[in-house]
file coords_10.cif (mmCIF, C-alpha atoms)
data_final
#
loop_
_atom_site.group_PDB
_atom_site.id
_atom_site.type_symbol
_atom_site.label_atom_id
_atom_site.label_comp_id
_atom_site.auth_asym_id
_atom_site.auth_seq_id
_atom_site.Cartn_x
_atom_site.Cartn_y
_atom_site.Cartn_z
ATOM 1 C CA MET A 21 11.765 18.095 -14.607
ATOM 2 C CA LYS A 22 13.110 16.932 -17.962
ATOM 3 C CA VAL A 23 11.944 13.357 -18.651
ATOM 4 C CA ASN A 24 14.234 11.198 -20.786
ATOM 5 C CA LYS A 25 12.139 8.624 -22.660
ATOM 6 C CA SER A 26 14.984 6.873 -24.476
ATOM 7 C CA TYR A 27 14.721 3.756 -22.297
ATOM 8 C CA ILE A 28 10.983 3.079 -22.379
ATOM 9 C CA SER A 29 10.265 -0.597 -23.023
ATOM 10 C CA ASN A 30 7.748 -3.337 -22.232
ATOM 11 C CA ASN A 31 10.356 -5.443 -20.416
ATOM 12 C CA ASN A 32 9.080 -7.008 -17.197
ATOM 13 C CA THR A 33 5.707 -5.260 -17.555
ATOM 14 C CA TYR A 34 2.263 -6.390 -18.605
ATOM 15 C CA ALA A 35 -0.670 -4.901 -20.489
ATOM 16 C CA GLY A 36 -3.597 -3.310 -18.706
ATOM 17 C CA ASN A 37 -2.775 -0.403 -16.387
ATOM 18 C CA SER A 38 -5.233 2.421 -15.630
ATOM 19 C CA PRO A 39 -3.264 4.825 -13.404
ATOM 20 C CA ARG A 40 -5.215 6.157 -10.425
ATOM 21 C CA PHE A 41 -2.405 6.230 -7.844
ATOM 22 C CA LEU A 42 1.259 7.251 -7.661
ATOM 23 C CA ILE A 43 3.425 5.057 -5.415
ATOM 24 C CA ILE A 44 6.774 6.377 -4.200
ATOM 25 C CA HIS A 45 9.737 4.064 -3.553
ATOM 26 C CA ASN A 46 13.443 4.222 -2.698
ATOM 27 C CA THR A 47 15.647 1.796 -4.633
ATOM 28 C CA ASP A 48 17.738 0.944 -1.532
ATOM 29 C CA ASN A 49 20.612 0.228 -3.935
ATOM 30 C CA PHE A 50 23.522 2.076 -2.319
ATOM 31 C CA ASN A 51 26.190 0.923 -4.771
ATOM 32 C CA ALA A 52 28.314 3.528 -6.521
ATOM 33 C CA GLY A 53 26.789 4.462 -9.866
ATOM 34 C CA ALA A 54 23.356 2.988 -9.066
ATOM 35 C CA ASN A 55 21.636 6.121 -10.332
ATOM 36 C CA ALA A 56 18.478 6.662 -12.379
ATOM 37 C CA LEU A 57 20.168 6.054 -15.721
ATOM 38 C CA ALA A 58 21.707 2.776 -14.527
ATOM 39 C CA HIS A 59 18.335 1.498 -13.299
ATOM 40 C CA ALA A 60 16.519 2.596 -16.457
ATOM 41 C CA LYS A 61 19.132 0.847 -18.618
ATOM 42 C CA ALA A 62 18.937 -2.312 -16.514
ATOM 43 C CA GLN A 63 15.158 -2.490 -16.939
ATOM 44 C CA TYR A 64 15.453 -1.656 -20.651
ATOM 45 C CA ASN A 65 17.998 -4.456 -21.128
ATOM 46 C CA GLY A 66 15.834 -6.982 -19.301
ATOM 47 C CA ASN A 67 18.127 -7.353 -16.295
ATOM 48 C CA PHE A 68 15.323 -7.047 -13.715
ATOM 49 C CA LYS A 69 13.417 -10.276 -13.172
ATOM 50 C CA SER A 70 11.178 -9.562 -10.201
ATOM 51 C CA MET A 71 10.676 -5.803 -10.222
ATOM 52 C CA SER A 72 10.106 -2.859 -12.516
ATOM 53 C CA ALA A 73 8.978 0.765 -12.287
ATOM 54 C CA HIS A 74 7.686 3.468 -14.569
ATOM 55 C CA TYR A 75 10.170 6.173 -13.496
ATOM 56 C CA TYR A 76 13.647 6.445 -11.973
ATOM 57 C CA VAL A 77 14.767 9.756 -10.498
ATOM 58 C CA ASP A 78 17.993 10.763 -8.741
ATOM 59 C CA ASP A 79 20.024 13.861 -7.851
ATOM 60 C CA GLY A 80 20.843 14.624 -11.490
ATOM 61 C CA ASP A 81 19.176 16.847 -14.059
ATOM 62 C CA ALA A 82 16.955 14.293 -15.779
ATOM 63 C CA VAL A 83 14.327 11.700 -14.921
ATOM 64 C CA TYR A 84 14.158 8.434 -16.856
ATOM 65 C CA GLN A 85 10.844 6.919 -17.864
ATOM 66 C CA SER A 86 11.203 3.163 -18.310
ATOM 67 C CA ALA A 87 7.670 1.909 -19.058
ATOM 68 C CA PRO A 88 4.504 3.257 -20.725
ATOM 69 C CA HIS A 89 1.715 4.373 -18.394
ATOM 70 C CA SER A 90 -0.595 1.890 -20.114
ATOM 71 C CA ARG A 91 1.432 -1.078 -18.859
ATOM 72 C CA GLY A 92 1.627 -2.403 -15.317
ATOM 73 C CA CYS A 93 4.982 -2.627 -13.532
ATOM 74 C CA TRP A 94 5.994 -5.020 -10.743
ATOM 75 C CA HIS A 95 6.459 -2.546 -7.896
ATOM 76 C CA VAL A 96 3.691 -3.130 -5.297
ATOM 77 C CA GLY A 97 5.171 -6.457 -4.180
ATOM 78 C CA VAL A 98 4.279 -8.667 -1.200
ATOM 79 C CA ASN A 99 1.744 -7.626 1.443
ATOM 80 C CA TYR A 100 3.044 -7.256 5.011
ATOM 81 C CA GLY A 101 -0.258 -5.949 6.342
ATOM 82 C CA GLY A 102 -0.873 -2.796 4.312
ATOM 83 C CA ARG A 103 -4.327 -1.289 4.677
ATOM 84 C CA LEU A 104 -4.583 -0.435 0.960
ATOM 85 C CA PHE A 105 -3.178 -3.657 -0.484
ATOM 86 C CA GLY A 106 -5.503 -4.971 -3.175
ATOM 87 C CA ALA A 107 -7.365 -1.688 -3.559
ATOM 88 C CA VAL A 108 -4.076 -0.226 -4.815
ATOM 89 C CA ASN A 109 -2.148 -2.561 -7.096
ATOM 90 C CA ASN A 110 0.085 -2.911 -10.155
ATOM 91 C CA LYS A 111 -2.909 -2.453 -12.473
ATOM 92 C CA ASN A 112 -3.974 0.995 -11.236
ATOM 93 C CA SER A 113 -0.756 2.747 -10.261
ATOM 94 C CA ILE A 114 2.478 4.338 -11.428
ATOM 95 C CA GLY A 115 5.707 3.332 -9.672
ATOM 96 C CA VAL A 116 8.289 6.075 -9.018
ATOM 97 C CA GLU A 117 11.718 5.001 -7.735
ATOM 98 C CA MET A 118 13.981 7.592 -6.078
ATOM 99 C CA CYS A 119 17.562 6.315 -6.450
ATOM 100 C CA VAL A 120 19.879 6.385 -3.428
ATOM 101 C CA GLN A 121 23.298 5.473 -4.844
ATOM 102 C CA ARG A 122 26.497 5.931 -2.816
ATOM 103 C CA ARG A 123 27.303 9.571 -1.957
ATOM 104 C CA TYR A 124 24.119 10.848 -3.560
ATOM 105 C CA ASN A 125 22.649 14.231 -2.632
ATOM 106 C CA PHE A 126 19.462 13.360 -0.720
ATOM 107 C CA ASN A 127 17.959 16.860 -0.837
ATOM 108 C CA LYS A 128 18.448 17.165 -4.596
ATOM 109 C CA ALA A 129 17.009 13.703 -5.245
ATOM 110 C CA PHE A 130 14.104 14.452 -2.886
ATOM 111 C CA ASN A 131 13.365 17.764 -4.614
ATOM 112 C CA ASN A 132 13.548 16.148 -8.055
ATOM 113 C CA THR A 133 11.093 13.462 -6.950
ATOM 114 C CA VAL A 134 8.675 16.105 -5.676
ATOM 115 C CA GLU A 135 8.839 17.950 -9.001
ATOM 116 C CA LEU A 136 8.342 14.775 -11.041
ATOM 117 C CA VAL A 137 5.336 13.768 -8.953
ATOM 118 C CA LYS A 138 3.779 17.222 -9.393
ATOM 119 C CA GLN A 139 4.123 16.848 -13.153
ATOM 120 C CA LEU A 140 2.582 13.394 -13.131
ATOM 121 C CA MET A 141 -0.300 14.543 -10.923
ATOM 122 C CA ILE A 142 -1.219 17.150 -13.517
ATOM 123 C CA GLU A 143 -0.649 14.869 -16.509
ATOM 124 C CA LEU A 144 -2.650 11.962 -15.064
ATOM 125 C CA ASP A 145 -5.214 13.983 -13.073
ATOM 126 C CA ILE A 146 -4.199 12.331 -9.803
ATOM 127 C CA PRO A 147 -4.881 14.289 -6.573
ATOM 128 C CA ALA A 148 -2.401 14.506 -3.703
ATOM 129 C CA ASP A 149 -4.356 12.081 -1.530
ATOM 130 C CA ARG A 150 -3.692 9.370 -4.113
ATOM 131 C CA VAL A 151 0.074 9.815 -3.878
ATOM 132 C CA LEU A 152 1.194 7.063 -1.517
ATOM 133 C CA GLN A 153 4.255 5.665 0.153
ATOM 134 C CA HIS A 154 4.934 2.055 -0.777
ATOM 135 C CA TYR A 155 4.456 1.527 2.969
ATOM 136 C CA ASP A 156 0.838 2.702 2.742
ATOM 137 C CA VAL A 157 0.055 -0.114 0.341
ATOM 138 C CA CYS A 158 1.850 -3.135 1.804
ATOM 139 C CA SER A 159 3.544 -2.004 5.075
ATOM 140 C CA LYS A 160 7.042 -2.450 3.630
ATOM 141 C CA ASN A 161 9.480 0.135 5.011
ATOM 142 C CA CYS A 162 9.637 2.071 1.751
ATOM 143 C CA PRO A 163 10.593 4.731 0.728
ATOM 144 C CA SER A 164 13.060 3.866 3.487
ATOM 145 C CA GLN A 165 15.331 6.900 3.206
ATOM 146 C CA ILE A 166 12.482 9.421 3.107
ATOM 147 C CA ARG A 167 10.823 7.700 6.051
ATOM 148 C CA ALA A 168 14.068 7.369 8.038
ATOM 149 C CA ILE A 169 14.379 11.123 8.459
ATOM 150 C CA GLY A 170 10.662 11.854 8.663
ATOM 151 C CA LYS A 171 10.333 13.714 5.356
ATOM 152 C CA TRP A 172 7.137 12.085 4.067
ATOM 153 C CA ASP A 173 4.878 14.728 5.622
ATOM 154 C CA GLU A 174 6.950 17.422 3.922
ATOM 155 C CA PHE A 175 6.685 15.525 0.630
ATOM 156 C CA LYS A 176 2.884 15.422 0.878
ATOM 157 C CA ALA A 177 2.706 19.084 1.890
ATOM 158 C CA ARG A 178 4.756 20.152 -1.103
ATOM 159 C CA ILE A 179 2.820 18.143 -3.675
ATOM 160 C CA SER A 180 -0.450 19.325 -2.111
ATOM 161 C CA ASN A 181 0.379 22.789 -3.434
ATOM 162 C CA SER A 182 0.192 21.387 -6.954
ATOM 163 C CA SER A 183 -2.665 22.831 -9.037
ATOM 164 C CA THR A 184 -4.248 19.402 -9.492
ATOM 165 C CA SER A 185 -5.087 19.290 -5.775
ATOM 166 C CA SER A 186 -7.836 21.851 -6.264
ATOM 167 C CA THR A 187 -8.972 20.812 -9.732
ATOM 168 C CA CYS A 188 -9.731 17.111 -9.241
ATOM 169 C CA SER A 189 -13.352 16.118 -8.896
ATOM 170 C CA THR A 190 -15.019 15.336 -5.582
ATOM 171 C CA SER A 191 -15.577 11.747 -6.706
ATOM 172 C CA SER A 192 -11.813 11.309 -7.119
ATOM 173 C CA ARG A 193 -11.213 12.229 -3.512
ATOM 174 C CA VAL A 194 -13.999 10.070 -2.144
ATOM 175 C CA SER A 195 -12.554 6.944 -3.772
ATOM 176 C CA VAL A 196 -9.556 6.989 -1.403
ATOM 177 C CA LYS A 197 -11.560 7.059 1.810
ATOM 178 C CA THR A 198 -9.567 4.013 2.952
ATOM 179 C CA GLU A 199 -6.720 6.408 3.805
ATOM 180 C CA VAL A 200 -8.470 7.643 6.949
ATOM 181 C CA PRO A 201 -5.745 7.429 9.629
ATOM 182 C CA TYR A 202 -5.837 4.970 12.512
ATOM 183 C CA THR A 203 -6.389 6.450 15.969
ATOM 184 C CA PRO A 204 -5.824 5.273 19.559
ATOM 185 C CA GLY A 205 -8.615 3.200 21.078
ATOM 186 C CA LEU A 206 -9.828 -0.393 21.366
ATOM 187 C CA TYR A 207 -8.766 -2.905 18.715
ATOM 188 C CA LYS A 208 -9.906 -6.535 18.446
ATOM 189 C CA VAL A 209 -7.330 -8.871 16.963
ATOM 190 C CA LYS A 210 -8.782 -10.894 14.050
ATOM 191 C CA VAL A 211 -5.925 -13.256 13.251
ATOM 192 C CA ASP A 212 -4.677 -16.362 15.038
ATOM 193 C CA THR A 213 -1.209 -14.947 15.690
ATOM 194 C CA LEU A 214 -0.204 -11.272 15.719
ATOM 195 C CA ASN A 215 3.388 -10.258 16.389
ATOM 196 C CA ILE A 216 4.251 -7.732 19.093
ATOM 197 C CA ARG A 217 7.293 -5.710 18.044
ATOM 198 C CA SER A 218 9.784 -3.528 19.882
ATOM 199 C CA GLY A 219 8.955 -0.525 17.695
ATOM 200 C CA PRO A 220 6.368 0.763 15.225
ATOM 201 C CA SER A 221 7.541 -0.919 12.019
ATOM 202 C CA ILE A 222 7.845 -4.287 10.286
ATOM 203 C CA SER A 223 11.634 -4.052 10.688
ATOM 204 C CA SER A 224 11.477 -3.864 14.513
ATOM 205 C CA ARG A 225 12.312 -6.958 16.546
ATOM 206 C CA VAL A 226 9.504 -9.423 17.431
ATOM 207 C CA ILE A 227 9.287 -9.556 21.241
ATOM 208 C CA GLY A 228 6.025 -11.455 21.688
ATOM 209 C CA THR A 229 2.785 -12.613 20.105
ATOM 210 C CA ILE A 230 -0.968 -12.263 20.632
ATOM 211 C CA THR A 231 -2.857 -15.522 20.122
ATOM 212 C CA ASP A 232 -6.186 -15.016 21.917
ATOM 213 C CA LYS A 233 -7.943 -12.778 19.360
ATOM 214 C CA GLY A 234 -8.659 -10.460 22.276
ATOM 215 C CA THR A 235 -9.425 -6.746 22.444
ATOM 216 C CA TYR A 236 -6.551 -4.429 23.351
ATOM 217 C CA THR A 237 -6.206 -0.734 24.189
ATOM 218 C CA ILE A 238 -3.886 1.224 21.914
ATOM 219 C CA THR A 239 -2.552 4.457 23.400
ATOM 220 C CA GLU A 240 -0.537 5.826 20.487
ATOM 221 C CA ILE A 241 -0.359 5.409 16.702
ATOM 222 C CA LYS A 242 2.819 5.827 14.650
ATOM 223 C CA ASN A 243 3.765 5.166 11.020
ATOM 224 C CA ASP A 244 0.116 5.081 9.935
ATOM 225 C CA SER A 245 -1.146 1.837 11.506
ATOM 226 C CA TRP A 246 1.284 0.809 14.254
ATOM 227 C CA GLY A 247 -0.228 0.994 17.746
ATOM 228 C CA ARG A 248 1.441 1.003 21.176
ATOM 229 C CA LEU A 249 -0.146 -1.450 23.622
ATOM 230 C CA LYS A 250 -1.425 0.114 26.853
ATOM 231 C CA SER A 251 0.294 -2.702 28.760
ATOM 232 C CA GLY A 252 3.647 -1.358 27.590
ATOM 233 C CA LYS A 253 4.594 -4.704 26.055
ATOM 234 C CA GLY A 254 5.277 -3.249 22.608
ATOM 235 C CA TRP A 255 3.671 -2.370 19.268
ATOM 236 C CA ILE A 256 1.215 -4.172 16.965
ATOM 237 C CA ASN A 257 0.008 -3.501 13.439
ATOM 238 C CA CYS A 258 -3.591 -2.267 13.798
ATOM 239 C CA SER A 259 -4.221 -2.576 10.055
ATOM 240 C CA THR A 260 -7.663 -3.860 9.090
ATOM 241 C CA ALA A 261 -5.876 -6.963 7.809
ATOM 242 C CA TYR A 262 -5.177 -7.896 11.441
ATOM 243 C CA CYS A 263 -7.446 -5.898 13.744
ATOM 244 C CA GLU A 264 -10.905 -4.396 13.961
ATOM 245 C CA LYS A 265 -11.467 -1.013 15.615
ATOM 246 C CA ARG A 266 -14.082 -1.067 18.372
ATOM 247 C CA LYS A 267 -16.150 1.950 19.374
ATOM 248 C CA LEU A 268 -16.230 2.650 23.088
ATOM 249 C CA ARG A 269 -20.006 2.856 23.173
ATOM 250 C CA ASP A 270 -20.203 -0.575 21.557
ATOM 251 C CA SER A 271 -17.564 -2.258 23.709
ATOM 252 C CA SER A 272 -20.138 -4.621 25.238
ATOM 253 C CA LYS A 273 -21.058 -6.014 21.829
ATOM 254 C CA THR A 274 -19.082 -9.002 20.679
ATOM 255 C CA LYS A 275 -20.868 -9.994 17.462
ATOM 256 C CA ASP A 276 -19.045 -9.438 14.178
ATOM 257 C CA ALA A 277 -20.370 -6.626 11.976
ATOM 258 C CA TYR A 278 -20.270 -8.805 8.857
ATOM 259 C CA THR A 279 -22.841 -11.519 8.153
ATOM 260 C CA PRO A 280 -23.322 -14.188 5.455
ATOM 261 C CA GLY A 281 -25.017 -13.043 2.257
ATOM 262 C CA LEU A 282 -24.275 -11.417 -1.105
ATOM 263 C CA TYR A 283 -21.137 -9.284 -1.459
ATOM 264 C CA LYS A 284 -20.034 -7.302 -4.516
ATOM 265 C CA VAL A 285 -16.268 -7.051 -5.000
ATOM 266 C CA LYS A 286 -15.131 -3.395 -5.369
ATOM 267 C CA VAL A 287 -11.427 -3.838 -6.223
ATOM 268 C CA ASP A 288 -9.700 -4.972 -9.401
ATOM 269 C CA THR A 289 -8.055 -7.979 -7.775
ATOM 270 C CA LEU A 290 -9.133 -9.773 -4.585
ATOM 271 C CA ASN A 291 -7.240 -12.788 -3.274
ATOM 272 C CA ILE A 292 -9.027 -16.050 -2.477
ATOM 273 C CA ARG A 293 -7.324 -17.773 0.458
ATOM 274 C CA SER A 294 -7.359 -21.303 1.814
ATOM 275 C CA GLY A 295 -8.608 -20.107 5.213
ATOM 276 C CA PRO A 296 -10.102 -17.076 6.979
ATOM 277 C CA SER A 297 -6.989 -14.947 7.560
ATOM 278 C CA ILE A 298 -4.261 -12.982 5.781
ATOM 279 C CA SER A 299 -1.767 -15.682 6.771
ATOM 280 C CA ASN A 300 -3.519 -18.400 4.779
ATOM 281 C CA ARG A 301 -2.274 -19.448 1.347
ATOM 282 C CA VAL A 302 -3.588 -17.632 -1.761
ATOM 283 C CA VAL A 303 -5.452 -20.211 -3.855
ATOM 284 C CA GLY A 304 -6.946 -17.936 -6.488
ATOM 285 C CA THR A 305 -8.098 -14.409 -7.341
ATOM 286 C CA ILE A 306 -11.314 -12.599 -8.230
ATOM 287 C CA THR A 307 -10.852 -10.088 -11.050
ATOM 288 C CA ASP A 308 -14.367 -9.541 -12.415
ATOM 289 C CA MET A 309 -15.698 -7.288 -9.608
ATOM 290 C CA GLY A 310 -18.694 -9.624 -9.484
ATOM 291 C CA THR A 311 -21.218 -10.482 -6.759
ATOM 292 C CA TYR A 312 -20.614 -13.590 -4.646
ATOM 293 C CA THR A 313 -22.516 -15.522 -1.983
ATOM 294 C CA LEU A 314 -20.739 -15.984 1.347
ATOM 295 C CA THR A 315 -22.047 -18.797 3.525
ATOM 296 C CA GLU A 316 -19.991 -18.229 6.677
ATOM 297 C CA ILE A 317 -18.087 -15.383 8.354
ATOM 298 C CA GLN A 318 -15.039 -15.879 10.572
ATOM 299 C CA ASN A 319 -12.381 -13.663 12.159
ATOM 300 C CA GLY A 320 -14.352 -10.466 11.693
ATOM 301 C CA SER A 321 -14.599 -10.035 7.925
ATOM 302 C CA TRP A 322 -13.478 -13.271 6.297
ATOM 303 C CA GLY A 323 -16.223 -14.971 4.253
ATOM 304 C CA GLN A 324 -16.375 -18.477 2.821
ATOM 305 C CA LEU A 325 -17.399 -18.594 -0.857
ATOM 306 C CA LYS A 326 -20.509 -20.670 -1.583
ATOM 307 C CA SER A 327 -18.600 -22.257 -4.468
ATOM 308 C CA GLY A 328 -16.227 -23.827 -1.947
ATOM 309 C CA LYS A 329 -13.200 -22.283 -3.656
ATOM 310 C CA GLY A 330 -11.988 -20.597 -0.461
ATOM 311 C CA TRP A 331 -12.245 -17.441 1.640
ATOM 312 C CA ILE A 332 -12.199 -13.736 0.822
ATOM 313 C CA ASN A 333 -11.934 -10.595 2.931
ATOM 314 C CA CYS A 334 -15.385 -8.994 2.633
ATOM 315 C CA SER A 335 -14.310 -5.862 4.519
ATOM 316 C CA THR A 336 -15.779 -2.598 3.208
ATOM 317 C CA SER A 337 -12.280 -1.844 1.883
ATOM 318 C CA TYR A 338 -12.801 -4.588 -0.699
ATOM 319 C CA CYS A 339 -16.511 -5.492 -0.890
ATOM 320 C CA GLU A 340 -19.984 -4.019 -0.625
ATOM 321 C CA LYS A 341 -22.826 -5.920 1.080
ATOM 322 C CA ARG A 342 -25.907 -6.386 -1.118
#

call {"tool": "encode", "arguments": {"input": "coords_10.cif", "output": "structure tokens"}}
result
Amino acid sequence: MKVNKSYISNNNTYAGNSPRFLIIHNTDNFNAGANALAHAKAQYNGNFKSMSAHYYVDDGDAVYQSAPHSRGCWHVGVNYGGRLFGAVNNKNSIGVEMCVQRRYNFNKAFNNTVELVKQLMIELDIPADRVLQHYDVCSKNCPSQIRAIGKWDEFKARISNSSTSSTCSTSSRVSVKTEVPYTPGLYKVKVDTLNIRSGPSISSRVIGTITDKGTYTITEIKNDSWGRLKSGKGWINCSTAYCEKRKLRDSSKTKDAYTPGLYKVKVDTLNIRSGPSISNRVVGTITDMGTYTLTEIQNGSWGQLKSGKGWINCSTSYCEKR
């Protein structure tokens, strides 16, 4: 794909990005003329206040780069329960927006996005298992149009044929072990309130709640981390932000796997919250990947900092016990 670099700027970006992941989005702007050039110009002219991306691609003949790889863009957004949120962020990723303007040619835009991603994988030495849906990171229904017709598996299959898939080092692959899929089984709810929805997505209607922090049998998994309750009452998000997978042979054990002690932070940015759950207010961040003492564990993997500044998620996705 030809990449037009005429509209690269630092607008609505910040210094300090070390790309290790590619995150795919849909713009969800269905207005006439809302193509890649229009979005690139808007970012270049400073018209975007709360979002930005590195690339815009559509059903035309050119892709528009809008930010340098060395700068972070605002594309990860708010967390709705994504299992990779925090580990994947604006400081270690490249945002690719596939434009979906009125009367666009989906197949052409889809194919162009595949080709762009293949090029970026080779240029940045990023393997296919580090190419993610926005949904994988924060559970937002994005890229909505690719997901709506079930084309994400095809997308991954096509980019997996890229030469970089076989040339990246073993250590590169190991670092994304958090992408292991969820499977049916027993899940213990870790949060005070977990919504039950009519279908397997954040956009489905809320039809109930779980408030007992109990253990539930999940019979089916869809859309990565959404599990169907055996009771038939609906679907819950089994993400590690909300639930903890139980092994059948350990079903009689009720003690949490995490214990107070020293924990080394493994991710670039880890939120400090006012209480021991994802629903509590963010009161600070840890950015030094340092080692911290946790004096108390609650709700599975939430640890209270000895400093008294708040609580962090000491799950193995984010921390390593010392």

call {"tool": "resolve_selection", "arguments": {"input": "coords_10.cif", "expression": "the PyMOL selection byres ((chain A and resi 153) around 9)", "output": "list in words"}}
result
Leu42, Ile43, Ile44, His45, Val151, Leu152, His154, Tyr155, Asp156, Val157, Cys162, Pro163 and Trp172 of chain A

call {"tool": "residues_around", "arguments": {"input": "coords_10.cif", "residues": "stretch 49-55 of chain A", "least_positions_apart": "2", "cutoff": "7 Å", "atoms": "all atoms listed in the file", "output": "CSV table (one decimal) with C-alpha atoms, in the frame of the given file"}}
result
chain,number,residue,atom,x,y,z
A,47,THR,CA,15.6,1.8,-4.6
A,57,LEU,CA,20.2,6.1,-15.7
A,58,ALA,CA,21.7,2.8,-14.5
A,59,HIS,CA,18.3,1.5,-13.3
A,78,ASP,CA,18.0,10.8,-8.7
A,119,CYS,CA,17.6,6.3,-6.4
A,120,VAL,CA,19.9,6.4,-3.4
A,121,GLN,CA,23.3,5.5,-4.8
A,122,ARG,CA,26.5,5.9,-2.8

call {"tool": "axis_aligned_box", "arguments": {"input": "coords_10.cif", "around": "stretch 247-255 of chain A", "padding_each_side": "4 Å", "output": "JSON"}}
result
{"center_x": 1.9, "center_y": -1.9, "center_z": 23.3, "size_x": 14.7, "size_y": 13.7, "size_z": 19.0}

call {"tool": "resolve_selection", "arguments": {"input": "coords_10.cif", "expression": "the PyMOL selection byres ((chain A and resi 111) around 9)", "output": "list in words"}}
result
Tyr34, Ala35, Gly36, Asn37, Ser38, Pro39, Arg91, Gly92, Cys93, Val108, Asn109, Asn110, Asn112, Ser113, Ile114, Asp288 and Thr289 of chain A

call {"tool": "atom_distance", "arguments": {"input": "coords_10.cif", "atom1": "atom CA of A:Lys128", "atom2": "atom CA of A:Ala82"}}
result
11.6 Å

call {"tool": "closest_residue", "arguments": {"input": "coords_10.cif", "among": "A:His74, A:Arg217, A:Lys326, A:Arg150", "to": "A:Ile179", "atoms": "all atoms listed in the file"}}
result
A:Arg150

call {"tool": "residues_around", "arguments": {"input": "coords_10.cif", "residues": "A:Tyr312", "least_positions_apart": "3", "cutoff": "8 Å", "atoms": "all atoms listed in the file", "output": "list in words"}}
result
Leu282, Tyr283, Lys284, Val285, Leu325 and Lys326 of chain A

call {"tool": "atom_distance", "arguments": {"input": "coords_10.cif", "atom1": "atom CA of A:Ser180", "atom2": "atom CA of A:Val134"}}
result
10.3 Å

call {"tool": "atom_distance", "arguments": {"input": "coords_10.cif", "atom1": "atom CA of A:Lys250", "atom2": "atom CA of A:Ile216"}}
result
12.4 Å

call {"tool": "resolve_selection", "arguments": {"input": "coords_10.cif", "expression": "the PyMOL selection byres ((chain A and resi 66) around 12)", "output": "PyMOL selection string"}}
result
chain A and resi 27-33+59-65+67-72+86

call {"tool": "residues_near_point", "arguments": {"input": "coords_10.cif", "point": "(11.2, 4.0, -14.4)", "cutoff": "7 Å", "atoms": "all atoms listed in the file", "output": "count of residues only"}}
result
11

call {"tool": "residues_near_point", "arguments": {"input": "coords_10.cif", "point": "(11.6, 13.2, -12.3)", "cutoff": "7 Å", "atoms": "all atoms listed in the file", "output": "PyMOL selection string"}}
result
chain A and resi 21-23+77+82-83+132-133+135-136

call {"tool": "closest_residue", "arguments": {"input": "coords_10.cif", "among": "A:Ile169, A:Ala107, A:Asn125, A:Tyr202", "to": "A:Cys339", "atoms": "only C-alpha atoms"}}
result
A:Ala107

call {"tool": "closest_residue", "arguments": {"input": "coords_10.cif", "among": "A:Val303, A:Ile298, A:Ala56, A:Val287", "to": "A:Lys210", "atoms": "only C-alpha atoms"}}
result
A:Ile298

call {"tool": "closest_residue", "arguments": {"input": "coords_10.cif", "among": "A:Val211, A:Arg301, A:Gly310, A:Phe130", "to": "A:Glu174", "atoms": "only C-alpha atoms"}}
result
A:Phe130

call {"tool": "closest_residue", "arguments": {"input": "coords_10.cif", "among": "A:Gln139, A:Ser164, A:Thr336, A:Ser159", "to": "A:Cys258", "atoms": "all atoms listed in the file"}}
result
A:Ser159

call {"tool": "residues_around", "arguments": {"input": "coords_10.cif", "residues": "A:Val302", "least_positions_apart": "5", "cutoff": "7 Å", "atoms": "all atoms listed in the file", "output": "PyMOL selection string"}}
result
chain A and resi 291-294
